[in-house]
$ cat coords_28.txt   # compact mmCIF, C-alpha atoms and all ligand atoms
# COMPACT_ATOMS: atom_id res chain seq x y z
CA MET H 1 173.44 96.25 15.07
CA ASP H 2 176.76 96.97 16.70
CA ASP H 3 175.45 100.01 18.61
CA VAL H 4 173.28 97.87 20.92
CA LEU H 5 174.70 97.79 24.44
CA LEU H 6 174.60 94.27 25.79
CA PRO H 7 173.95 93.78 29.53
CA PRO H 8 176.98 92.90 31.64
CA SER H 9 177.64 89.19 31.94
CA ASP H 10 177.15 87.69 35.42
CA GLU H 11 180.95 87.56 35.76
CA THR H 12 181.33 91.25 34.95
CA PHE H 13 178.40 92.14 37.19
CA ILE H 14 180.11 90.35 40.10
CA LEU H 15 183.28 92.38 39.51
CA PHE H 16 181.25 95.61 39.65
CA GLN H 17 179.40 94.33 42.71
CA ALA H 18 182.67 93.80 44.60
CA LEU H 19 184.11 97.14 43.49
CA ILE H 20 180.98 99.10 44.47
CA GLN H 21 180.74 97.33 47.81
CA SER H 22 184.38 97.87 48.69
CA GLN H 23 184.16 101.58 47.81
CA THR H 24 180.75 102.53 49.25
CA GLY H 25 179.34 99.60 51.22
CA ILE H 26 176.42 99.42 48.78
CA PHE H 27 175.58 95.81 48.00
CA LEU H 28 173.90 95.19 44.65
CA PRO H 29 172.39 91.69 44.46
CA LEU H 30 172.38 89.96 41.08
CA HIS H 31 168.74 90.88 40.46
CA LYS H 32 169.85 94.54 40.38
CA LYS H 33 171.81 93.92 37.20
CA SER H 34 169.44 96.08 35.13
CA LEU H 35 169.84 98.95 37.64
CA LEU H 36 173.60 98.83 37.13
CA GLN H 37 173.13 98.63 33.38
CA ASN H 38 170.63 101.53 33.21
CA ARG H 39 172.57 103.85 35.48
CA LEU H 40 176.00 103.30 33.94
CA ALA H 41 174.98 103.11 30.26
CA LYS H 42 175.46 106.86 29.74
CA ARG H 43 179.03 106.73 31.06
CA LEU H 44 179.90 103.98 28.57
CA LEU H 45 178.43 106.16 25.86
CA ALA H 46 180.32 109.24 27.09
CA ARG H 47 183.60 107.32 27.11
CA GLY H 48 182.97 105.65 23.75
CA LEU H 49 182.92 102.13 25.14
CA SER H 50 180.68 99.36 23.91
CA SER H 51 180.93 96.77 26.69
CA PHE H 52 180.60 96.71 30.49
CA ASP H 53 183.70 94.60 30.60
CA ASP H 54 185.73 97.46 29.06
CA TYR H 55 184.09 99.95 31.40
CA TYR H 56 184.99 97.79 34.39
CA GLN H 57 188.63 97.75 33.24
CA MET H 58 188.48 101.53 32.98
CA VAL H 59 186.96 102.29 36.40
CA SER H 60 189.21 99.82 38.17
CA SER H 61 192.31 101.43 36.69
CA ARG H 62 194.21 103.74 39.05
CA LEU H 63 194.34 106.43 36.38
CA GLU H 64 190.56 106.77 36.24
CA LYS H 65 189.70 107.85 39.80
CA ARG H 66 187.33 110.56 38.55
CA GLU H 67 185.46 108.10 36.32
CA LEU H 68 185.14 105.70 39.24
CA GLN H 69 183.67 108.48 41.40
CA GLN H 70 181.17 109.30 38.64
CA ALA H 71 180.17 105.64 38.33
CA LEU H 72 179.72 105.31 42.10
CA GLU H 73 177.64 108.48 42.23
CA LEU H 74 175.32 107.05 39.57
CA ILE H 75 174.85 103.93 41.68
CA THR H 76 173.77 105.85 44.80
CA THR H 77 170.05 106.47 45.31
CA ASN H 78 169.57 110.02 46.54
CA GLU H 79 165.82 110.24 47.11
CA THR H 80 164.98 112.49 50.05
CA TYR H 81 162.41 115.08 51.17
CA PHE H 82 162.04 117.91 53.65
CA PHE H 83 160.73 116.70 57.02
CA ARG H 84 160.75 113.08 55.83
CA GLU H 85 159.33 110.86 58.58
CA PRO H 86 157.71 113.71 60.52
CA ALA H 87 157.57 111.69 63.78
CA HIS H 88 161.34 112.14 64.07
CA PHE H 89 161.04 115.92 63.97
CA GLU H 90 158.16 115.84 66.46
CA TYR H 91 160.30 113.77 68.83
CA LEU H 92 163.23 116.12 68.38
CA LYS H 93 161.11 119.15 69.20
CA GLN H 94 158.84 117.79 71.94
CA SER H 95 161.02 115.26 73.77
CA LEU H 96 164.68 115.56 72.88
CA LEU H 97 165.56 119.25 72.65
CA PRO H 98 163.82 120.36 75.88
CA GLY H 99 166.02 118.00 77.94
CA VAL H 100 169.29 118.18 76.06
CA PRO H 101 172.41 119.31 78.01
CA THR H 102 173.25 122.87 76.95
CA GLY H 103 176.74 123.39 78.41
CA ARG H 104 178.43 122.75 75.06
CA PRO H 105 177.11 123.36 71.53
CA LEU H 106 174.67 120.70 70.43
CA ARG H 107 176.32 118.77 67.58
CA ILE H 108 174.19 116.96 65.01
CA TRP H 109 175.36 114.86 62.05
CA SER H 110 173.22 114.16 59.01
CA ALA H 111 175.35 111.25 57.87
CA ALA H 112 173.81 110.42 54.47
CA ALA H 113 172.58 113.89 53.68
CA SER H 114 171.97 113.60 49.93
CA THR H 115 170.81 116.98 48.54
CA GLY H 116 170.44 118.51 52.00
CA GLU H 117 166.72 118.38 52.75
CA GLU H 118 167.25 116.41 55.98
CA ALA H 119 169.93 118.76 57.32
CA TYR H 120 167.96 121.90 56.45
CA SER H 121 164.82 120.42 58.06
CA ILE H 122 166.79 119.92 61.28
CA ALA H 123 168.28 123.41 60.97
CA MET H 124 164.84 125.02 60.54
CA LEU H 125 163.56 123.23 63.60
CA LEU H 126 166.55 124.21 65.74
CA ALA H 127 166.50 127.82 64.56
CA SER H 128 162.82 128.04 65.49
CA CYS H 129 162.90 126.57 68.99
CA PHE H 130 166.39 125.87 70.34
CA TYR H 131 168.02 128.94 71.82
CA HIS H 132 171.45 127.50 72.66
CA PRO H 133 174.50 127.09 70.40
CA TRP H 134 174.22 124.28 67.85
CA GLU H 135 175.99 123.04 64.75
CA ILE H 136 175.08 120.63 61.99
CA PHE H 137 177.55 118.59 59.98
CA ALA H 138 176.00 117.05 56.87
CA SER H 139 177.83 114.63 54.61
CA ASP H 140 177.42 112.20 51.74
CA VAL H 141 179.71 110.05 49.61
CA ASN H 142 178.22 111.65 46.50
CA GLU H 143 180.08 114.94 45.86
CA THR H 144 177.53 116.13 43.31
CA VAL H 145 174.61 116.03 45.76
CA ILE H 146 176.75 117.80 48.36
CA GLN H 147 177.41 120.64 45.90
CA GLN H 148 173.65 120.89 45.30
CA ALA H 149 172.98 120.85 49.04
CA LYS H 150 175.37 123.76 49.59
CA LYS H 151 173.43 125.85 47.07
CA GLY H 152 170.17 125.16 48.94
CA ILE H 153 167.98 125.65 45.85
CA TYR H 154 164.95 123.38 45.51
CA LEU H 155 162.07 122.95 43.08
CA ASN H 156 158.83 124.23 44.65
CA GLN H 157 157.15 120.88 44.02
CA ARG H 158 159.78 119.20 46.22
CA THR H 159 159.17 121.42 49.24
CA SER H 160 155.65 120.39 50.29
CA GLY H 161 157.00 119.02 53.60
CA ILE H 162 157.94 122.53 54.78
CA SER H 163 155.24 124.25 56.87
CA ALA H 164 153.90 127.65 55.83
CA GLU H 165 155.60 129.17 58.89
CA PHE H 166 159.03 127.74 57.98
CA LEU H 167 158.61 128.64 54.30
CA GLU H 168 158.03 132.22 55.35
CA LYS H 169 160.89 132.29 57.87
CA TYR H 170 163.61 130.25 56.18
CA CYS H 171 163.01 130.21 52.41
CA ARG H 172 162.93 132.77 49.62
CA LYS H 173 161.02 132.43 46.35
CA GLY H 174 163.08 132.39 43.16
CA VAL H 175 162.50 135.01 40.49
CA ALA H 176 163.39 135.28 36.78
CA GLU H 177 165.37 132.18 35.83
CA PHE H 178 164.74 130.80 39.34
CA GLU H 179 160.95 131.00 38.98
CA GLY H 180 159.53 127.73 40.31
CA PHE H 181 162.38 127.26 42.80
CA LEU H 182 163.00 128.39 46.32
CA ARG H 183 166.22 128.96 48.20
CA ILE H 184 167.08 128.42 51.84
CA ILE H 185 168.03 131.79 53.37
CA PRO H 186 171.80 132.40 53.72
CA GLU H 187 171.60 132.67 57.54
CA LEU H 188 170.37 129.08 57.69
CA ARG H 189 172.64 127.79 54.90
CA GLY H 190 175.58 129.15 56.86
CA ARG H 191 174.59 127.03 59.88
CA VAL H 192 175.04 123.72 58.06
CA ASN H 193 178.50 122.47 57.18
CA PHE H 194 178.22 120.21 54.10
CA GLU H 195 181.17 118.02 53.13
CA SER H 196 181.65 114.87 51.12
CA PHE H 197 182.43 111.97 53.40
CA ASN H 198 182.40 108.21 52.88
CA LEU H 199 180.89 106.26 55.76
CA MET H 200 183.26 103.40 54.92
CA GLY H 201 186.21 105.59 55.97
CA SER H 202 187.63 106.55 59.35
CA VAL H 203 185.39 108.72 61.53
CA SER H 204 188.08 109.62 64.04
CA SER H 205 188.50 113.22 62.81
CA LEU H 206 184.80 114.07 63.15
CA GLY H 207 184.63 114.40 66.93
CA LYS H 208 181.57 113.50 69.00
CA PHE H 209 177.97 114.23 68.21
CA ASN H 210 174.90 114.40 70.43
CA ILE H 211 172.59 113.25 67.65
CA ILE H 212 173.20 111.33 64.44
CA PHE H 213 170.71 110.94 61.60
CA LEU H 214 171.63 107.80 59.65
CA ARG H 215 168.45 107.38 57.69
CA ASN H 216 167.77 105.40 54.53
CA VAL H 217 171.35 104.41 53.89
CA MET H 218 171.89 101.17 55.83
CA ILE H 219 169.19 99.56 53.65
CA TYR H 220 171.79 99.47 50.86
CA PHE H 221 174.38 97.66 53.00
CA ASP H 222 174.60 94.01 54.03
CA LYS H 223 174.47 93.04 57.73
CA ASP H 224 178.22 92.83 58.15
CA THR H 225 178.75 96.32 56.70
CA GLN H 226 175.90 97.65 58.87
CA ARG H 227 177.51 96.14 61.96
CA LYS H 228 180.92 97.67 61.21
CA LEU H 229 179.36 101.05 60.45
CA LEU H 230 177.31 101.05 63.65
CA ARG H 231 180.44 100.32 65.66
CA LYS H 232 181.96 103.51 64.22
CA ILE H 233 178.74 105.47 64.73
CA ALA H 234 178.76 104.43 68.40
CA LYS H 235 182.28 105.85 68.72
CA CYS H 236 181.09 109.20 67.33
CA LEU H 237 178.24 109.60 69.79
CA GLU H 238 178.34 111.27 73.20
CA PRO H 239 177.25 109.06 76.12
CA ASN H 240 173.48 108.51 75.78
CA GLY H 241 173.58 110.17 72.34
CA TRP H 242 170.67 109.67 69.93
CA LEU H 243 170.65 107.76 66.68
CA PHE H 244 167.82 108.17 64.18
CA VAL H 245 167.43 105.52 61.49
CA SER H 246 164.49 105.25 59.08
CA HIS H 247 161.27 103.41 59.83
CA SER H 248 162.29 100.72 57.37
CA GLU H 249 165.59 100.10 59.18
CA SER H 250 166.28 98.36 62.49
CA LEU H 251 169.31 97.66 64.64
CA HIS H 252 167.73 94.42 65.86
CA GLY H 253 170.13 91.55 65.34
CA VAL H 254 172.87 93.93 64.15
CA THR H 255 174.19 95.57 67.35
CA ASP H 256 173.45 95.67 71.08
CA ASP H 257 175.18 99.01 71.60
CA PHE H 258 171.93 101.00 71.46
CA TYR H 259 168.51 100.79 73.07
CA LEU H 260 165.23 101.67 71.41
CA VAL H 261 163.35 104.72 72.73
CA ARG H 262 160.74 105.02 69.96
CA PRO H 263 160.36 103.13 66.70
CA SER H 264 163.56 103.92 64.70
CA ILE H 265 164.97 106.20 67.46
CA TYR H 266 167.81 104.78 69.54
CA ARG H 267 170.17 105.91 72.29
CA LEU H 268 173.70 104.72 72.86
CA LYS H 269 174.03 102.58 75.98
CA ALA H 270 176.14 104.54 78.46
CA TYR H 271 178.53 101.67 79.25
CA GLN H 272 179.90 101.92 75.69
CA HIS H 273 181.99 104.82 76.92
CA GLU H 274 183.58 103.05 79.84
CA HIS H 275 186.08 101.42 77.50
C1 LIG H 301 168.19 107.58 50.08
S1 LIG H 301 169.40 108.80 50.47
C2 LIG H 301 168.93 109.22 52.13
C3 LIG H 301 168.87 110.70 52.36
C4 LIG H 301 168.35 111.12 53.73
N1 LIG H 301 169.18 110.60 54.79
C5 LIG H 301 166.93 110.70 53.92
O1 LIG H 301 166.64 109.79 54.71
O2 LIG H 301 166.06 111.27 53.25
C6 LIG H 301 170.83 107.75 50.73
C7 LIG H 301 172.14 108.52 50.63
O3 LIG H 301 173.18 107.72 51.16
C8 LIG H 301 174.37 108.05 50.46
N2 LIG H 301 175.39 107.02 50.66
C9 LIG H 301 175.42 105.76 50.16
N3 LIG H 301 176.55 105.15 50.53
C10 LIG H 301 177.25 106.02 51.31
C11 LIG H 301 178.51 105.97 51.97
N4 LIG H 301 179.30 104.89 51.93
N5 LIG H 301 178.91 107.07 52.65
C12 LIG H 301 178.15 108.19 52.70
N6 LIG H 301 176.95 108.29 52.08
C13 LIG H 301 176.51 107.22 51.40
C14 LIG H 301 173.89 108.17 49.02
O4 LIG H 301 174.79 108.91 48.22
C15 LIG H 301 172.53 108.84 49.20
O5 LIG H 301 172.60 110.24 49.01
$ encode --input "coords_28.txt" --output "structure tokens"
Amino acid sequence: MDDVLLPPSDETFILFQALIQSQTGIFLPLHKKSLLQNRLAKRLLARGLSSFDDYYQMVSSRLEKRELQQALELITTNETYFFREPAHFEYLKQSLLPGVPTGRPLRIWSAAASTGEEAYSIAMLLASCFYHPWEIFASDVNETVIQQAKKGIYLNQRTSGISAEFLEKYCRKGVAEFEGFLRIIPELRGRVNFESFNLMGSVSSLGKFNIIFLRNVMIYFDKDTQRKLLRKIAKCLEPNGWLFVSHSESLHGVTDDFYLVRPSIYRLKAYQHEH
């Protein structure tokens, strides 16, 4: 039975663990060995390899940058929905936007945007009720999901979070081969700038944002990585800027740079900008 793929040994798993963490921040504990095995198995098959050890040698070679990117993309979890965690969008509409300074364009960053549902949800809300200039930057380490996000095409079953009013205003039903899908209208797609970006890299070229959505990504990082990332996030925020994390994430015990305004909604302490 030489076509049976054996799981990686603990030693090989630890090599992958270090590689994945250094490249993306994602920390896979040992009990996630089967996740690594299941997600990467098809790449071993595609490259004609029969052991994880050989695949590790391949992805860690400098000549196989593209293969490494593919492996890392398979490790990321990209689950997302339109208007996920509706309380955040309520807060944005009812409390945040009415008081936001309007002298300069409002800049928002969806920092782990996956296939774009979060960024388009924000865009729909702004287009419907915020009558000042605004821009949205949306990024993810996974280039494949960013390409999907740019297209703005979604299965109907995945769009139940969008209200009837927003469906009517900002989405178009697919026909012929796109039956069963809908597409975000071009006017709204053009308002969101999607780019691949690794949160482990330098943020200095991004400029300052008024609001950052960093939701459902820190859960994959260990505390030290979270702390380093939040230091960079603080540098990208305007004084008193807002940071949205998910309801299953907290900055408690990780950083003191922000204060809590609502569960999972933080603002940058103003003194951060004095130095
Ligand atoms: C579960 S999705 C969250 C999507 C959306 N923010 C939400 O809350 O619905 C997590 C995303 O984080 C991205 N991600 C993981 N590590 C990253 C990194 N180092 N830099 C940028 N994005 C990363 C993954 O590719 C994935 O698309």
$ atom_distance --input "coords_28.txt" --atom1 "CA of Arg43 (chain H)" --atom2 "CA of Ala71 (chain H)"
7.4 Å
$ closest_residue --input "coords_28.txt" --among "H:Phe194, H:Asp54, H:Asn156, H:Glu165" --to "Gly180 (chain H)" --atoms "only C-alpha atoms"
H:Asn156
$ closest_residue --input "coords_28.txt" --among "H:Leu35, H:Ile212, H:Val217, H:Leu30" --to "ligand LIG 301 (chain H)" --atoms "all atoms listed in the file"
H:Val217
$ residues_around --input "coords_28.txt" --residues "Phe137 (chain H)" --least-positions-apart "5" --cutoff "10 Å" --atoms "only C-alpha atoms" --output "list of chain:residue names"
H:Arg107, H:Ile108, H:Trp109, H:Ser110, H:Ala111, H:Ala113, H:Ala119, H:Arg191, H:Val192, H:Asn193, H:Phe194, H:Glu195, H:Leu206, H:Phe209, H:Ile212
$ residues_near_ligand --input "coords_28.txt" --ligand "ligand LIG 301 (chain H)" --cutoff "8 Å" --atoms "only C-alpha atoms and all ligand atoms" --output "short mmCIF file (atom, residue, chain, number, x, y, z; two decimals) with C-alpha atoms, keeping the file's coordinate frame"
data_model
loop_
_atom_site.label_atom_id
_atom_site.label_comp_id
_atom_site.auth_asym_id
_atom_site.auth_seq_id
_atom_site.Cartn_x
_atom_site.Cartn_y
_atom_site.Cartn_z
CA GLN H 23 184.16 101.58 47.81
CA THR H 24 180.75 102.53 49.25
CA GLY H 25 179.34 99.60 51.22
CA ILE H 26 176.42 99.42 48.78
CA GLU H 73 177.64 108.48 42.23
CA THR H 76 173.77 105.85 44.80
CA THR H 77 170.05 106.47 45.31
CA ASN H 78 169.57 110.02 46.54
CA GLU H 79 165.82 110.24 47.11
CA THR H 80 164.98 112.49 50.05
CA TYR H 81 162.41 115.08 51.17
CA PHE H 82 162.04 117.91 53.65
CA ARG H 84 160.75 113.08 55.83
CA SER H 110 173.22 114.16 59.01
CA ALA H 111 175.35 111.25 57.87
CA ALA H 112 173.81 110.42 54.47
CA ALA H 113 172.58 113.89 53.68
CA SER H 114 171.97 113.60 49.93
CA THR H 115 170.81 116.98 48.54
CA GLY H 116 170.44 118.51 52.00
CA GLU H 117 166.72 118.38 52.75
CA GLU H 118 167.25 116.41 55.98
CA SER H 139 177.83 114.63 54.61
CA ASP H 140 177.42 112.20 51.74
CA VAL H 141 179.71 110.05 49.61
CA ASN H 142 178.22 111.65 46.50
CA VAL H 145 174.61 116.03 45.76
CA SER H 196 181.65 114.87 51.12
CA PHE H 197 182.43 111.97 53.40
CA ASN H 198 182.40 108.21 52.88
CA LEU H 199 180.89 106.26 55.76
CA MET H 200 183.26 103.40 54.92
CA PHE H 213 170.71 110.94 61.60
CA LEU H 214 171.63 107.80 59.65
CA ARG H 215 168.45 107.38 57.69
CA ASN H 216 167.77 105.40 54.53
CA VAL H 217 171.35 104.41 53.89
CA TYR H 220 171.79 99.47 50.86
CA SER H 246 164.49 105.25 59.08
#
$ atom_distance --input "coords_28.txt" --atom1 "CA of His31 (chain H)" --atom2 "CA of Gly201 (chain H)"
27.6 Å
$ atom_distance --input "coords_28.txt" --atom1 "CA of Lys173 (chain H)" --atom2 "CA of Leu126 (chain H)"
21.8 Å
$ closest_atom_pairs --input "coords_28.txt" --of "region 33-124 of chain H" --to "region 17-21 of chain H" --cutoff "10 Å" --atoms "all atoms listed in the file" --output "CSV"
residue,atom,partner,partner_atom,distance
H:Lys33,CA,H:Gln17,CA,9.4
H:Leu36,CA,H:Gln17,CA,9.2
H:Tyr56,CA,H:Leu19,CA,9.2
H:Val59,CA,H:Leu19,CA,9.2
H:Ser60,CA,H:Leu19,CA,7.8
H:Leu68,CA,H:Ile20,CA,9.4
H:Ala71,CA,H:Ile20,CA,9.0
H:Leu72,CA,H:Ile20,CA,6.8
H:Ile75,CA,H:Ile20,CA,8.3
H:Thr76,CA,H:Ile20,CA,9.9
$ write_last_selection --input "coords_28.txt" --atoms "C-alpha atoms" --output "tab-separated table (two decimals), in the frame of the given file"
chain	number	residue	atom	x	y	z
H	33	LYS	CA	171.81	93.92	37.20
H	36	LEU	CA	173.60	98.83	37.13
H	56	TYR	CA	184.99	97.79	34.39
H	59	VAL	CA	186.96	102.29	36.40
H	60	SER	CA	189.21	99.82	38.17
H	68	LEU	CA	185.14	105.70	39.24
H	71	ALA	CA	180.17	105.64	38.33
H	72	LEU	CA	179.72	105.31	42.10
H	75	ILE	CA	174.85	103.93	41.68
H	76	THR	CA	173.77	105.85	44.80
$ closest_residue --input "coords_28.txt" --among "H:Ile136, H:Leu63, H:Leu15, H:Leu6" --to "Ser34 (chain H)" --atoms "all atoms listed in the file"
H:Leu6
$ closest_residue --input "coords_28.txt" --among "H:Thr159, H:Glu143, H:Gly103, H:Lys93" --to "Arg66 (chain H)" --atoms "all atoms listed in the file"
H:Glu143
$ closest_residue --input "coords_28.txt" --among "H:Leu251, H:Ala164, H:Val245, H:Ala149" --to "Arg231 (chain H)" --atoms "only C-alpha atoms"
H:Leu251
$ closest_residue --input "coords_28.txt" --among "H:Tyr91, H:Trp242, H:Phe178, H:Phe83" --to "Phe166 (chain H)" --atoms "only C-alpha atoms"
H:Phe83
$ residues_around --input "coords_28.txt" --residues "Lys228 (chain H)" --least-positions-apart "3" --cutoff "10 Å" --atoms "only C-alpha atoms" --output "ChimeraX atom specification"
/H:200,223-225,231-233,254-255
$ residues_near_point --input "coords_28.txt" --point "(157.4, 110.0, 62.0)" --cutoff "10 Å" --atoms "all atoms listed in the file" --output "PDB file with C-alpha atoms, in the coordinates of the input"
ATOM      1  CA  PHE H  83     160.730 116.700  57.020  1.00  0.00           C
ATOM      2  CA  ARG H  84     160.750 113.080  55.830  1.00  0.00           C
ATOM      3  CA  GLU H  85     159.330 110.860  58.580  1.00  0.00           C
ATOM      4  CA  PRO H  86     157.710 113.710  60.520  1.00  0.00           C
ATOM      5  CA  ALA H  87     157.570 111.690  63.780  1.00  0.00           C
ATOM      6  CA  HIS H  88     161.340 112.140  64.070  1.00  0.00           C
ATOM      7  CA  PHE H  89     161.040 115.920  63.970  1.00  0.00           C
ATOM      8  CA  GLU H  90     158.160 115.840  66.460  1.00  0.00           C
ATOM      9  CA  TYR H  91     160.300 113.770  68.830  1.00  0.00           C
ATOM     10  CA  SER H 246     164.490 105.250  59.080  1.00  0.00           C
ATOM     11  CA  HIS H 247     161.270 103.410  59.830  1.00  0.00           C
ATOM     12  CA  ARG H 262     160.740 105.020  69.960  1.00  0.00           C
ATOM     13  CA  PRO H 263     160.360 103.130  66.700  1.00  0.00           C
ATOM     14  CA  SER H 264     163.560 103.920  64.700  1.00  0.00           C
TER      15      SER H 264
END
$ axis_aligned_box --input "coords_28.txt" --around "region 105-116 of chain H" --padding-each-side "6 Å" --output "JSON"
{"center_x": 173.8, "center_y": 116.9, "center_z": 60.0, "size_x": 18.7, "size_y": 24.9, "size_z": 35.0}
$ residues_around --input "coords_28.txt" --residues "region 94-102 of chain H" --least-positions-apart "3" --cutoff "12 Å" --atoms "all atoms listed in the file" --output "PyMOL selection string"
chain H and resi 87-91+105-108+122+125-134+210-211+238-244+261-262+265-267
$ decode --input "coords_28.txt" --residues "region 182-223 of chain H" --atoms "C-alpha atoms" --output "PDB file, in the first residue's frame"
ATOM      1  CA  LEU H 182     -25.326  37.777  -7.081  1.00  0.00           C
ATOM      2  CA  ARG H 183     -22.805  40.483  -7.800  1.00  0.00           C
ATOM      3  CA  ILE H 184     -22.004  43.674  -5.946  1.00  0.00           C
ATOM      4  CA  ILE H 185     -22.728  46.635  -8.259  1.00  0.00           C
ATOM      5  CA  PRO H 186     -19.643  48.160  -9.943  1.00  0.00           C
ATOM      6  CA  GLU H 187     -20.163  51.566  -8.268  1.00  0.00           C
ATOM      7  CA  LEU H 188     -19.695  49.919  -4.877  1.00  0.00           C
ATOM      8  CA  ARG H 189     -16.930  47.536  -5.989  1.00  0.00           C
ATOM      9  CA  GLY H 190     -15.009  50.565  -7.204  1.00  0.00           C
ATOM     10  CA  ARG H 191     -15.145  52.091  -3.714  1.00  0.00           C
ATOM     11  CA  VAL H 192     -13.175  49.264  -2.086  1.00  0.00           C
ATOM     12  CA  ASN H 193      -9.478  48.878  -2.762  1.00  0.00           C
ATOM     13  CA  PHE H 194      -8.554  45.188  -2.315  1.00  0.00           C
ATOM     14  CA  GLU H 195      -4.889  44.207  -2.084  1.00  0.00           C
ATOM     15  CA  SER H 196      -2.947  41.288  -0.696  1.00  0.00           C
ATOM     16  CA  PHE H 197      -1.112  42.312   2.435  1.00  0.00           C
ATOM     17  CA  ASN H 198       0.539  40.319   5.206  1.00  0.00           C
ATOM     18  CA  LEU H 199      -0.126  41.666   8.693  1.00  0.00           C
ATOM     19  CA  MET H 200       3.306  40.381   9.721  1.00  0.00           C
ATOM     20  CA  GLY H 201       4.931  42.944   7.403  1.00  0.00           C
ATOM     21  CA  SER H 202       5.576  46.665   7.738  1.00  0.00           C
ATOM     22  CA  VAL H 203       2.485  48.884   7.843  1.00  0.00           C
ATOM     23  CA  SER H 204       4.354  52.140   7.348  1.00  0.00           C
ATOM     24  CA  SER H 205       3.223  52.633   3.724  1.00  0.00           C
ATOM     25  CA  LEU H 206      -0.487  52.328   4.539  1.00  0.00           C
ATOM     26  CA  GLY H 207      -1.008  55.731   6.145  1.00  0.00           C
ATOM     27  CA  LYS H 208      -3.476  56.395   8.952  1.00  0.00           C
ATOM     28  CA  PHE H 209      -6.980  55.068   9.296  1.00  0.00           C
ATOM     29  CA  ASN H 210      -9.937  56.300  11.328  1.00  0.00           C
ATOM     30  CA  ILE H 211     -11.339  52.802  11.755  1.00  0.00           C
ATOM     31  CA  ILE H 212      -9.754  49.360  11.544  1.00  0.00           C
ATOM     32  CA  PHE H 213     -11.648  46.073  11.399  1.00  0.00           C
ATOM     33  CA  LEU H 214      -9.333  43.327  12.659  1.00  0.00           C
ATOM     34  CA  ARG H 215     -11.880  40.619  13.213  1.00  0.00           C
ATOM     35  CA  ASN H 216     -11.434  36.870  13.541  1.00  0.00           C
ATOM     36  CA  VAL H 217      -7.752  36.822  12.726  1.00  0.00           C
ATOM     37  CA  MET H 218      -5.958  37.348  16.051  1.00  0.00           C
ATOM     38  CA  ILE H 219      -7.540  34.094  17.280  1.00  0.00           C
ATOM     39  CA  TYR H 220      -5.005  32.275  15.087  1.00  0.00           C
ATOM     40  CA  PHE H 221      -2.014  34.081  16.620  1.00  0.00           C
ATOM     41  CA  ASP H 222      -0.277  33.565  19.957  1.00  0.00           C
ATOM     42  CA  LYS H 223      -0.183  36.383  22.541  1.00  0.00           C
TER      43      LYS H 223
END
